[in-house]
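Structure, as structure tokens:
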Amino acid sequence: MTSPMPDCSAPGFGFTHILCFSLFSLLRRREFRLRIDVGAEEYWGMITYPENHWSLVPDRNLEFLTLGKGQLGETFFQALPDCTMLKSLIVTDAVLGNGIQEVPIYHDRLRHLQIVKCRMVRISVRCPELQTLSLKRSGMAHAVLNCPLLHDLDIASCHKLLDAAVCSAATSCPLLESLDMSNCSCVSDETLREIALICGNLHILNASYCPNISLESVRLPILTVLKLHSCEGITSASMAAIAYSYMLEVLELDNCSLLTSVFLDLPHLQNIRLVHCRKFVDLSLRSMLLSSIRISNCPSLQRINITSNSLQQLVLQKQESLTALELQCKCLQEVDLTDCESLTNSIFEVFSDGGGCPMLKSLVLDNCEGLTAVVFCSNSLTSLSLGGCRAITDLELTCPYLEQVSLDGCDHLVKATFCPVGLRSLNLGICPKLNALNIEAPTMVLLELKGCGVLSQAVINCPLLKSLDASFCSQLKDDCLSTTTSSCPLIESLILMSCPSIGSDGLFSLRCLPHLTSLDLSYTFLLDLQPVFDSCLQLKVLKLQACKYLTNSSLEALYKDGALPTLLELDLSYGTLCQDAIEELLACCTHLTHLSLNGCVNMHDMNWSFTMHVLSEDDLHVPHRLLQNLNCVGCPNIKKVVIPQMACFSHLSSLNLSLSVNLKEVDVACSNLCLLNLRYAIAVSFCVFCFDCCGQCYALSLLSILEEDRRVLQHLHRRSRICHITMQHA
């Protein structure tokens, strides 16, 4: 039934009253939630007008009401029982009552009540159907509860509540299941014993920041969640009371500064936290359902013993004092022990087969500086990280399914054995002291030994290996190379740069590598390349940088006998070959696509009109040259570069003459030239350019060009399609 319109001429009646009347009239007919955030007392003061001219109480359909930031006086609480459909009331950051009298909250159907961060003297709650009550952060000295069905009570941070008041409030609710009394500093063990005696259904208890409790003689048999953060009275003696809670599932003991040991056998425990426990030394847990454990910043922790059938991940980072770890966790898959610097070699017995972790897949032991010898056998491990373990000298892994291993920083490793492992790639170039190596990896395709300068014994059995980098392995000898080539027949790329101990016998063993296409013999003491010509018939890339002992006749087999017919890339940089040998090579090896002659001091003028005689005999015999990239960086004796059109270098697209400080003339006729680099060619200021046939030259890089030669560049720009010219220090 609609309420009659009040008398608008009544004293103090205005627009706000009319608005509230309309709102509450609508609430009578429909179901609404109402939230009033500011000035709560002002509006509720109109609900029952002082002179009783009219009543605007929403007594039928209002179910949820939220109020905040104001003052609620006696009028509001007297009108509250008339809201018969009200189920939830939330009051936040408000002043209740007049500061002298008790604040009464009486309602027959209210189920959820939150009085959060409110100020009052006393509060009395009588709600027979109330199920959850929160008085969190509210300031009152006493709370009287008459709520027989209440199962969730939150009085956290009610600092003015004394021990007796807390006890009275909690014990007046015999069906209580959850109690949060954190930051109630006056709570004692006596109160907890009373609560345990009367509230037999209590499942959840948060007594964090209660310094006076020690759980002495406290028995909570059906408790499932217990939080005791920063409880100074909790010690090892308190574990007897906790052990009595055999239904416990969650236990949090953060910042319990006097706690030294935890020994618990709780069949239902699933989650435990021990953070910032400074004196904590010993942990022993047995729970088949334990699935989460967090231990951090416990600097005194030395021993851990865990038994669980559900734990899958264990993270114990930065436990500097940890020396003993015993695990019986058949489902454990990931373990992180980073920065546990006191661990010893015995830790690998825990994780090896038969050690209690049969399903372990990932193990991280980074920066565990106490490890010196690793002997590890596991049929389940797929990832192992030993980064920063500088003291390790011996490594022996028998992990057939191991796919990833990190040895960064293990620079004292002397002996390493991987037999067998499931690795597809391995980098040991970060182990400069490695002396002996034994690898059996059926699936490995990439092995890097770059920088293992003292490696003298290597047994490599990797039938699928395709790439081997043994750069700077100065002690590697022919017998080792021969053994490797016979057991790794699929190698396609082999780098033996700076391996001076490799000789002809080792190179002859390359015939066991029918798929070898790339070979790097730079910085070696080779005298004869015939073993390479005879053994590497499919070679496409050959690098011979700084091979000072090669003579002018060393490459004759290439341009006279047609050796290495599939060779495409040749690097002769910093060599001692003479001008004639290089010109013969260019004249006859027409299949080369990339040639590097960087730093060749015997290179003089590059006049490649040497094919002119061919044209005079028969134009049909003009060779078809495939050279695309020519590098002559830092050749100080080159003064002139002439590549006539009849030389048939039509595929040449890149010509690098940078740092050729005496270069004066460039005459190039190459229709596909795209990049000409003359950087730091100082004498190029007198250079004569001829690019009439270089219609595709898109990039010209010149440094130290004099102003007078800008007209030459302008001419080039008009005569060709050069679209990018770089000039620096002009």
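Ordered as shown in the structure tokens, chains take letters A, B, and onward, while each chain numbers its residues from 1 and ligands are numbered from 1 in the order shown.
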Contacts of Glu492 of chain A within 12 Å, only C-alpha atoms, excl. fewer than 4 positions in-chain, as JSON, numbers by chain: {"A": [445, 446, 464, 465, 466, 467, 468, 469, 485, 488, 510, 512, 513, 514, 515, 516, 517, 518, 519, 520, 536, 538, 539, 540, 541]}
Which of A:Cys670, A:Ala207, A:Leu407, A:Leu337 sits closest to Leu395 of chain A [using only C-alpha atoms]: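 That would be A:Leu407, the residue with the smallest distance to Leu395 of chain A.
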Polymer residues at most 6 Å from segment 360-363 of chain A, only C-alpha atoms, same-chain spacing of 4 or more positions, as a list in words: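 With the cut-off at 6 Å, the set is Leu332, Gln333, Glu334, Val335, Ser380, Leu381, Thr382, Ser383 and Leu384 of chain A.
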Who sits within 8 Å of Ala563 of chain A, only C-alpha atoms, same chain under 6 positions skipped, as a PyMOL selection string: chain A and resi 533+537+557
Residue contacts of segment 161-172 of chain A (9 Å, only C-alpha atoms) excluding same-chain residues fewer than 4 positions away, as a count of residues only: 29
Atom pair atom CA of Tyr549 of chain A / atom CA of Asp505 of chain A: separation (Å):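 Going from atom CA of Tyr549 of chain A over to atom CA of Asp505 of chain A, I get 17.6 Å.
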Surrounding residues of Gly99 of chain A excluding itself and chain neighbours under 4 positions, 9 Å, only C-alpha atoms, as JSON, numbers by chain: {"A": [95, 119, 120, 121, 122]}
